[in-house]
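Visitor: So here's start37.txt (compact mmCIF, C-alpha atoms).
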# COMPACT_ATOMS: atom_id res chain seq x y z
CA MET V 1 0.00 0.00 0.00
CA LYS V 2 1.23 3.43 -0.87
CA LYS V 3 2.04 5.55 2.12
CA ILE V 4 2.10 9.27 1.74
CA TYR V 5 3.79 11.65 4.06
CA LEU V 6 3.00 15.29 3.79
CA LEU V 7 6.31 16.94 3.24
CA VAL V 8 6.08 20.45 1.98
CA ALA V 9 3.14 22.70 1.41
CA VAL V 10 3.55 25.84 -0.54
CA ALA V 11 1.50 27.95 -2.81
CA THR V 12 -1.86 29.38 -2.46
CA ILE V 13 -4.99 29.50 -0.44
CA VAL V 14 -8.20 30.73 -1.97
CA LEU V 15 -11.86 30.80 -1.27
CA ALA V 16 -14.30 29.55 -3.81
CA PHE V 17 -15.36 32.91 -5.00
CA THR V 18 -12.23 34.53 -6.30
CA GLY V 19 -13.97 36.86 -8.68
CA CYS V 20 -12.26 40.16 -8.35
CA SER V 21 -13.71 43.53 -7.63
CA GLY V 22 -14.23 46.14 -10.27
CA SER V 23 -11.35 47.94 -11.81
CA GLY V 24 -12.04 51.16 -10.02
CA ASN V 25 -12.34 53.11 -13.21
CA ILE V 26 -14.67 56.07 -12.78
CA ALA V 27 -16.15 57.40 -15.96
CA GLY V 28 -16.44 61.13 -16.27
CA GLY V 29 -15.84 63.93 -18.69
CA GLY V 30 -15.21 61.61 -21.59
CA GLY V 31 -12.26 59.99 -19.85
CA SER V 32 -11.65 57.85 -16.85
CA VAL V 33 -9.68 58.07 -13.66
CA ASP V 34 -8.01 54.90 -12.50
CA THR V 35 -8.41 54.77 -8.74
CA SER V 36 -6.93 51.30 -8.36
CA VAL V 37 -4.33 50.87 -5.66
CA ILE V 38 -1.67 48.30 -6.54
CA TYR V 39 0.05 46.46 -3.73
CA VAL V 40 3.14 44.30 -4.25
CA VAL V 41 4.84 42.39 -1.45
CA GLY V 42 8.26 40.82 -1.43
CA THR V 43 11.75 41.53 -0.27
CA TYR V 44 13.95 44.60 -0.36
CA THR V 45 17.66 44.69 0.35
CA ASN V 46 19.37 47.91 1.36
CA PHE V 47 22.95 47.50 0.24
CA ALA V 48 24.31 50.35 2.38
CA GLU V 49 22.78 48.90 5.55
CA LEU V 50 23.38 45.28 4.49
CA THR V 51 19.84 44.49 5.60
CA ASN V 52 17.06 42.44 4.06
CA TYR V 53 13.49 43.50 4.71
CA ALA V 54 10.06 42.09 4.02
CA ALA V 55 8.47 44.95 2.13
CA VAL V 56 5.19 46.15 0.70
CA TRP V 57 4.91 48.64 -2.14
CA LYS V 58 1.65 50.61 -2.34
CA ASN V 59 1.41 52.29 -5.71
CA GLY V 60 5.19 52.07 -5.90
CA VAL V 61 5.90 53.55 -2.47
CA ARG V 62 7.78 51.09 -0.30
CA THR V 63 7.23 50.35 3.37
CA ASN V 64 9.78 48.11 5.06
CA LEU V 65 8.20 45.63 7.45
CA ASN V 66 10.90 43.76 9.39
CA ILE V 67 14.54 42.80 8.93
CA ASP V 68 15.33 39.24 7.82
CA TYR V 69 11.74 38.49 6.83
CA THR V 70 10.15 37.68 3.49
CA ALA V 71 6.62 38.74 2.54
CA THR V 72 4.79 36.12 0.48
CA GLY V 73 1.12 37.07 0.14
CA ILE V 74 -1.33 39.93 0.60
CA PHE V 75 -5.05 40.50 0.92
CA VAL V 76 -6.62 43.92 1.35
CA THR V 77 -10.11 44.47 2.72
CA ASP V 78 -11.94 47.77 3.04
CA SER V 79 -10.39 48.21 6.49
CA ASN V 80 -7.24 46.17 6.79
CA VAL V 81 -4.10 45.01 5.00
CA TYR V 82 -3.03 41.42 5.70
CA ILE V 83 0.41 40.22 4.63
CA THR V 84 1.89 36.75 5.08
CA GLY V 85 5.54 35.93 5.41
CA TYR V 86 8.22 34.22 7.33
CA TYR V 87 11.33 34.92 9.33
CA GLY V 88 14.42 33.65 7.58
CA GLY V 89 17.27 34.71 9.83
CA GLY V 90 18.38 31.20 10.71
CA SER V 91 15.43 28.90 11.34
CA VAL V 92 12.25 29.85 9.49
CA HIS V 93 9.10 30.86 11.33
CA PRO V 94 5.61 31.64 10.02
CA PHE V 95 4.23 35.14 10.55
CA TYR V 96 1.64 37.55 9.29
CA TRP V 97 1.17 41.29 9.52
CA LYS V 98 -2.14 43.04 10.03
CA ASP V 99 -1.81 46.71 9.19
CA GLY V 100 1.93 46.44 9.83
CA THR V 101 1.69 44.71 13.21
CA LYS V 102 3.48 41.37 13.15
CA THR V 103 2.09 38.18 14.70
CA ASP V 104 3.96 34.90 15.22
CA LEU V 105 1.83 31.95 14.11
CA SER V 106 4.01 29.37 15.85
CA SER V 107 6.50 29.94 18.61
CA THR V 108 7.09 26.17 18.75
CA TYR V 109 7.56 24.94 15.23
CA ASN V 110 9.49 26.11 12.23
CA GLY V 111 7.43 26.88 9.16
CA GLU V 112 6.39 29.36 6.52
CA THR V 113 3.22 31.00 5.30
CA SER V 114 2.40 31.32 1.62
CA GLY V 115 -0.86 33.23 1.17
CA VAL V 116 -3.88 34.83 2.81
CA VAL V 117 -7.54 35.37 2.01
CA VAL V 118 -10.30 37.02 4.01
CA ASP V 119 -13.87 35.91 3.43
CA SER V 120 -16.95 38.10 3.38
CA GLY V 121 -17.47 37.43 7.08
CA GLY V 122 -14.04 38.76 7.97
CA VAL V 123 -12.51 35.36 8.71
CA VAL V 124 -8.80 35.31 7.88
CA TYR V 125 -7.31 32.15 6.34
CA ILE V 126 -3.55 31.78 5.95
CA SER V 127 -1.88 28.86 4.16
CA GLY V 128 1.51 27.42 4.98
CA TYR V 129 3.29 24.63 6.71
CA MET V 130 4.88 23.80 10.02
CA ASP V 131 7.65 21.31 10.74
CA ILE V 132 5.81 18.86 12.97
CA SER V 133 7.64 15.55 12.59
CA GLY V 134 8.16 16.63 8.97
CA ASN V 135 6.77 19.55 7.08
CA THR V 136 3.02 19.48 7.42
CA PRO V 137 0.82 21.68 5.24
CA GLY V 138 -2.34 23.33 6.43
CA TYR V 139 -3.99 26.61 7.19
CA TRP V 140 -4.60 28.97 10.07
CA LYS V 141 -8.10 30.28 10.67
CA ASN V 142 -8.01 33.61 12.46
CA GLY V 143 -4.49 32.86 13.66
CA THR V 144 -5.19 29.38 15.02
CA MET O 145 -18.61 23.61 -4.35
CA ASP O 146 -18.60 27.25 -3.64
CA SER O 147 -17.94 29.76 -0.91
CA ASN O 148 -18.47 27.22 1.87
CA TYR O 149 -15.15 25.64 0.96
CA LEU O 150 -11.52 26.51 1.38
CA TYR O 151 -8.95 25.41 -1.18
CA VAL O 152 -5.25 24.95 -0.39
CA GLY O 153 -2.64 24.05 -2.99
CA GLY O 154 0.77 22.54 -2.48
CA ARG O 155 2.49 19.22 -2.70
CA GLN O 156 3.09 16.06 -0.77
CA THR O 157 5.76 13.42 -1.12
CA ASP O 158 5.15 9.77 -1.91
CA ASP O 159 6.87 7.70 0.76
CA ASP O 160 7.60 4.77 -1.51
CA THR O 161 9.05 6.55 -4.52
CA GLY O 162 10.12 9.88 -3.09
CA TYR O 163 8.30 11.69 -5.88
CA ASP O 164 6.39 14.89 -5.14
CA ILE O 165 2.68 14.98 -5.94
CA GLY O 166 1.01 18.31 -6.63
CA THR O 167 -2.14 18.43 -4.55
CA VAL O 168 -5.19 20.56 -3.81
CA TRP O 169 -6.90 19.99 -0.48
CA ILE O 170 -10.51 21.13 -0.12
CA TYR O 171 -11.91 21.87 3.33
CA ASN O 172 -15.35 22.67 4.65
CA LYS O 173 -14.87 26.19 5.97
CA SER O 174 -17.28 25.79 8.84
CA THR O 175 -16.14 22.44 10.18
CA GLY O 176 -12.54 22.35 9.00
CA VAL O 177 -13.13 18.84 7.69
CA LYS O 178 -11.21 17.91 4.55
CA VAL O 179 -13.76 16.92 1.94
CA ALA O 180 -11.59 16.21 -1.11
CA THR O 181 -7.97 15.76 -2.13
CA LEU O 182 -7.04 16.29 -5.77
CA THR O 183 -3.67 14.89 -6.91
CA PHE O 184 -1.85 15.49 -10.16
CA ALA O 185 0.76 12.75 -10.60
CA ASP O 186 1.01 8.99 -10.42
CA PRO O 187 4.32 8.21 -8.71
CA THR O 188 3.97 4.52 -9.52
CA SER O 189 4.27 5.54 -13.18
CA ASP O 190 7.38 7.63 -12.52
CA GLU O 191 5.45 10.90 -12.53
CA SER O 192 5.87 13.81 -10.18
CA SER O 193 4.33 17.25 -9.94
CA TYR O 194 4.18 20.50 -7.99
CA VAL O 195 1.24 22.85 -7.44
CA ASN O 196 2.40 26.41 -6.95
CA ALA O 197 -0.85 28.36 -7.35
CA ILE O 198 -4.58 27.81 -7.51
CA PHE O 199 -7.64 29.76 -8.59
CA VAL O 200 -11.27 28.84 -8.13
CA LYS O 201 -14.10 30.15 -10.25
CA SER O 202 -17.70 28.96 -10.19
CA GLY O 203 -16.70 25.77 -8.46
CA VAL O 204 -14.00 24.92 -11.01
CA VAL O 205 -10.56 24.50 -9.50
CA TYR O 206 -7.59 25.63 -11.57
CA ALA O 207 -4.13 24.61 -10.34
CA ALA O 208 -0.80 25.61 -11.87
CA GLY O 209 2.62 24.12 -11.41
CA THR O 210 4.88 21.59 -13.04
CA LYS O 211 4.62 18.01 -14.22
CA SER O 212 7.62 15.75 -14.64
CA TYR O 213 8.11 12.34 -16.19
CA HIS O 214 11.06 10.32 -14.92
CA MET O 215 11.90 7.61 -17.39
CA GLY O 216 15.21 5.80 -17.33
CA GLY O 217 16.80 8.51 -15.25
CA ALA O 218 15.86 11.27 -17.68
CA GLU O 219 13.40 13.96 -16.71
CA ASP O 220 10.91 15.66 -19.01
CA TYR O 221 9.65 18.76 -17.27
CA TYR O 222 6.54 20.71 -18.25
CA PRO O 223 4.89 23.81 -16.89
CA THR O 224 1.34 22.62 -16.44
CA TYR O 225 -2.12 23.61 -15.32
CA TRP O 226 -4.97 21.39 -14.26
CA THR O 227 -8.68 22.15 -14.62
CA CYS O 228 -10.82 20.28 -12.11
CA THR O 229 -14.60 20.13 -12.33
CA TYR O 230 -17.02 18.39 -10.04
CA THR O 231 -20.22 16.66 -11.09
CA SER O 232 -20.74 13.43 -9.19
CA SER O 233 -16.98 13.14 -8.77
CA TRP O 234 -13.93 15.21 -9.60
CA ASN O 235 -12.68 15.20 -13.18
CA THR O 236 -9.28 16.67 -14.01
CA VAL O 237 -8.03 17.87 -17.39
CA GLU O 238 -4.26 18.30 -17.55
CA THR O 239 -2.74 20.88 -19.89
CA LEU O 240 0.99 20.67 -20.46
CA MET O 241 2.36 23.96 -21.62
CA ASN O 242 5.40 23.80 -23.84
CA ASN O 243 8.52 22.07 -22.62
CA VAL O 244 11.00 24.61 -21.33
CA ALA O 245 14.37 24.83 -19.66
CA ALA O 246 14.72 22.94 -16.43
CA PHE O 247 14.88 25.98 -14.22
CA ASP O 248 11.79 27.71 -15.55
CA GLN O 249 8.80 27.87 -13.25
CA VAL O 250 5.10 28.56 -12.90
CA THR O 251 4.01 30.73 -10.00
CA SER O 252 0.49 32.09 -10.38
CA ILE O 253 -2.81 31.56 -12.17
CA VAL O 254 -6.02 33.51 -12.80
CA VAL O 255 -8.99 32.91 -15.09
CA ASP O 256 -10.76 35.67 -16.97
CA SER O 257 -14.47 36.19 -17.61
CA SER O 258 -14.25 34.12 -20.82
CA ASN O 259 -12.60 31.28 -18.90
CA ASN O 260 -9.25 31.87 -20.53
CA VAL O 261 -6.46 30.65 -18.27
CA ILE O 262 -3.63 33.09 -17.55
CA VAL O 263 -0.47 31.79 -15.90
CA GLY O 264 2.53 33.74 -14.63
CA GLY O 265 6.08 32.50 -14.37
CA ARG O 266 9.38 32.52 -16.15
CA GLN O 267 10.10 31.40 -19.68
CA THR O 268 13.74 30.99 -20.68
CA ASP O 269 14.71 32.78 -17.46
CA GLN O 270 12.51 35.81 -18.20
CA PRO O 271 9.32 37.08 -16.50
CA THR O 272 6.53 35.95 -18.80
CA ILE O 273 2.80 35.34 -18.90
CA TYR O 274 1.03 32.41 -20.61
CA ARG O 275 -2.50 32.69 -21.98
CA SER O 276 -4.57 29.73 -23.08
CA ASN O 277 -6.06 31.84 -25.89
CA ASN O 278 -2.69 33.09 -27.17
CA ASN O 279 -2.21 31.40 -30.54
CA SER O 280 0.52 33.70 -31.78
CA GLY O 281 3.25 31.16 -31.17
CA ASN O 282 5.71 30.11 -28.49
CA GLY O 283 3.19 27.68 -27.04
CA GLY O 284 0.89 30.36 -25.65
CA TRP O 285 3.56 32.34 -23.85
CA ASP O 286 3.57 36.11 -24.35
CA SER O 287 6.72 38.05 -25.06
CA PRO O 288 8.66 38.52 -21.81
CA LEU O 289 7.71 41.57 -19.75
CA LYS O 290 11.43 42.28 -19.52
CA THR O 291 14.34 41.02 -21.59
CA THR O 292 16.73 39.84 -18.93
CA THR O 293 18.99 37.02 -17.89
CA ASP O 294 16.94 36.35 -14.76
CA GLY O 295 13.41 37.11 -13.67
CA SER O 296 9.93 35.85 -12.99
CA VAL O 297 6.31 36.89 -12.80
CA ASN O 298 5.50 35.77 -9.27
CA GLY O 299 1.97 37.07 -8.81
CA LEU O 300 -1.07 37.84 -10.94
CA TYR O 301 -4.25 39.77 -10.12
CA LEU O 302 -7.21 40.16 -12.42
CA SER O 303 -9.45 43.14 -11.73
CA GLY O 304 -12.29 43.05 -14.19
CA SER O 305 -10.45 42.71 -17.49
CA ASP O 306 -7.35 44.48 -16.16
CA LEU O 307 -4.40 42.18 -15.56
CA TYR O 308 -1.79 43.17 -13.00
CA SER O 309 1.39 41.27 -12.21
CA GLY O 310 4.34 41.47 -9.87
CA GLY O 311 7.74 39.88 -9.78
CA TYR O 312 11.34 40.71 -10.44
CA TYR O 313 13.96 40.95 -13.14
CA ASN O 314 17.70 41.51 -13.22
CA ASP O 315 18.70 44.82 -14.78
CA GLY O 316 22.28 43.72 -15.34
CA THR O 317 23.37 44.88 -11.90
CA ASN O 318 20.90 43.50 -9.37
CA ASN O 319 17.33 42.30 -9.07
CA VAL O 320 14.51 44.82 -9.47
CA ALA O 321 11.07 44.21 -7.99
CA PHE O 322 8.35 45.30 -10.38
CA SER O 323 4.65 45.74 -10.76
CA ALA O 324 3.05 45.63 -14.17
CA TYR O 325 -0.28 46.62 -15.66
CA GLY O 326 -0.59 44.69 -18.87
CA THR O 327 2.78 45.08 -20.55
CA THR O 328 3.67 48.31 -18.76
CA VAL O 329 6.33 47.53 -16.18
CA THR O 330 7.05 49.80 -13.21
CA ASP O 331 10.30 49.37 -11.31
CA LEU O 332 9.90 49.31 -7.54
CA ASN O 333 13.52 49.78 -6.58
CA SER O 334 16.64 51.30 -8.03
CA THR O 335 19.85 49.32 -8.22
CA SER O 336 22.08 52.37 -8.57
CA THR O 337 23.14 52.13 -4.93
CA GLY O 338 23.40 48.35 -4.99
CA ASP O 339 19.91 47.80 -3.57
CA TYR O 340 17.76 45.02 -4.88
CA GLY O 341 14.29 43.58 -4.50
CA LYS O 342 11.87 40.85 -5.47
CA GLY O 343 8.10 40.91 -5.70
CA TYR O 344 6.20 37.78 -4.70
CA ALA O 345 2.50 38.69 -4.76
CA VAL O 346 0.24 41.45 -6.05
CA PHE O 347 -3.17 42.67 -4.95
CA VAL O 348 -5.30 45.43 -6.42
CA LYS O 349 -7.95 47.27 -4.44
Kindly return the structure encoded in the file as structure tokens.
Guide:
Amino acid sequence: MKKIYLLVAVATIVLAFTGCSGSGNIAGGGGSVDTSVIYVVGTYTNFAELTNYAAVWKNGVRTNLNIDYTATGIFVTDSNVYITGYYGGGSVHPFYWKDGTKTDLSSTYNGETSGVVVDSGGVVYISGYMDISGNTPGYWKNGT
Amino acid sequence: MDSNYLYVGGRQTDDDTGYDIGTVWIYNKSTGVKVATLTFADPTSDESSYVNAIFVKSGVVYAAGTKSYHMGGAEDYYPTYWTCTYTSSWNTVETLMNNVAAFDQVTSIVVDSSNNVIVGGRQTDQPTIYRSNNNSGNGGWDSPLKTTTDGSVNGLYLSGSDLYSGGYYNDGTNNVAFSAYGTTVTDLNSTSTGDYGKGYAVFVK
């Protein structure tokens, strides 16, 4: 019989309805004004400081989150900005930021997060894995 | 299957063969109970796969990643997406995109209002987008967003009919994080002082 061990979970977490919101284009005066806000998350390295940051760019303007972290996913609601990531300065640990405030998702196990979605009821789901007798994939629901 | 379910993509490893199996796990959101597991390789036939991104639309699960065939020690490696529909059981259609260099990758997937599949990744080391309705050549892959020796589209976001992407490319000095709207690329960091960056995900509000 085939035995399967869960080893590594990466990638994405989504809810069933992933239809996106409107483009934010407002018609008027024969033209349109694009009001879309574009967020990109990732890493930024400041060569002069020799520091690596998790970072978020909002319409091209960068905000550094924390040193030695990587930001992997983002979801923006009407009220809050959720960013997933992990600490990579030695052992890896799973984290997320809510409006820039960082939360550790496991003080016990190593692991990483890979993505975040928030449903219409405000429940936050984060995908990732933890090293529990091997890398075990799963998700956190409201941080648990 | 709709908004009562949570979909997680990733991979697991077959204990007998050591091959990775791209997988989507489907959970009941309310109970947390896993209700389905979709797998995209048969390790007993020397197949392996990764799932790097998923997208769900109207109950159809789209997963993107790679598929590999290991025959006689050789490895054929394909960027791939899987389309999974549920009637009385799950049915999966596998689409192998064109065979590319071993280090190329698939990172993100969205589906437009006409059900065209759009995949982000790297093609011949360059940040590139694949479209299932692109018949202009190169196996459905667009021209690279940047001509570079290293780079990748790491995230896609579809807002209406507007496609946004994020990723990185090497400008000849260091890596530059970028955002893109269509084919218009915006640099997010300068490398003139030796700084560098990488984008991993994009969201548009």
Visitor: How far is it from CA of Val177 in chain O to CA of Tyr96 in chain V, in Å with one decimal?
Guide: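 Those two atoms sit 23.9 Å apart.
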Visitor: Write out as a ChimeraX atom specification which residues come within 6 Å of range 53-60 of chain V when counting all atoms listed in the file, dropping same-chain ones fewer than 3 positions away.
Guide: /V:37-44,63-71 /O:332
Visitor: So which residues touch Asn142 in chain V within 9 Å, counting all atoms listed in the file, skipping near sequence neighbours fewer than 4 positions away, as an NGL selection string?
Guide: :V and (123-126)
Visitor: Take the residues just selected and output them with C-alpha atoms as a tab-separated table (two decimals), keeping the file's coordinate frame.
Guide:
chain	number	residue	atom	x	y	z
V	123	VAL	CA	-12.51	35.36	8.71
V	124	VAL	CA	-8.80	35.31	7.88
V	125	TYR	CA	-7.31	32.15	6.34
V	126	ILE	CA	-3.55	31.78	5.95
Visitor: Show which residues sit within 12 Å of Asp78 in chain V, as a list of chain:residue names. Count all atoms listed in the file, and ignore same-chain residues fewer than 2 positions away.
Guide: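 My reading of the contact set: V:Ser21, V:Val37, V:Phe75, V:Val76, V:Asn80, V:Val81, V:Tyr82, V:Asp99, V:Val118, V:Ser120, V:Gly122, O:Val348, O:Lys349.
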Visitor: May I ask for the distance between CA of Gly217 in chain O and CA of Asn196 in chain O, given in Å to one decimal place?
Guide: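 Going from CA of Gly217 in chain O over to CA of Asn196 in chain O covers 24.4 Å.
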Visitor: Considering all atoms listed in the file, state which residue in the set V:Phe95, V:Tyr109, V:Tyr87, V:Tyr139 is at the smallest distance from chain O.
Guide: V:Tyr139
Visitor: If I take CA of Ile273 in chain O and CA of Tyr149 in chain O, how far is one from the other in Å, to one decimal?
Guide: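 Taking CA of Ile273 in chain O as the start and CA of Tyr149 in chain O as the end point, the length is 28.5 Å.
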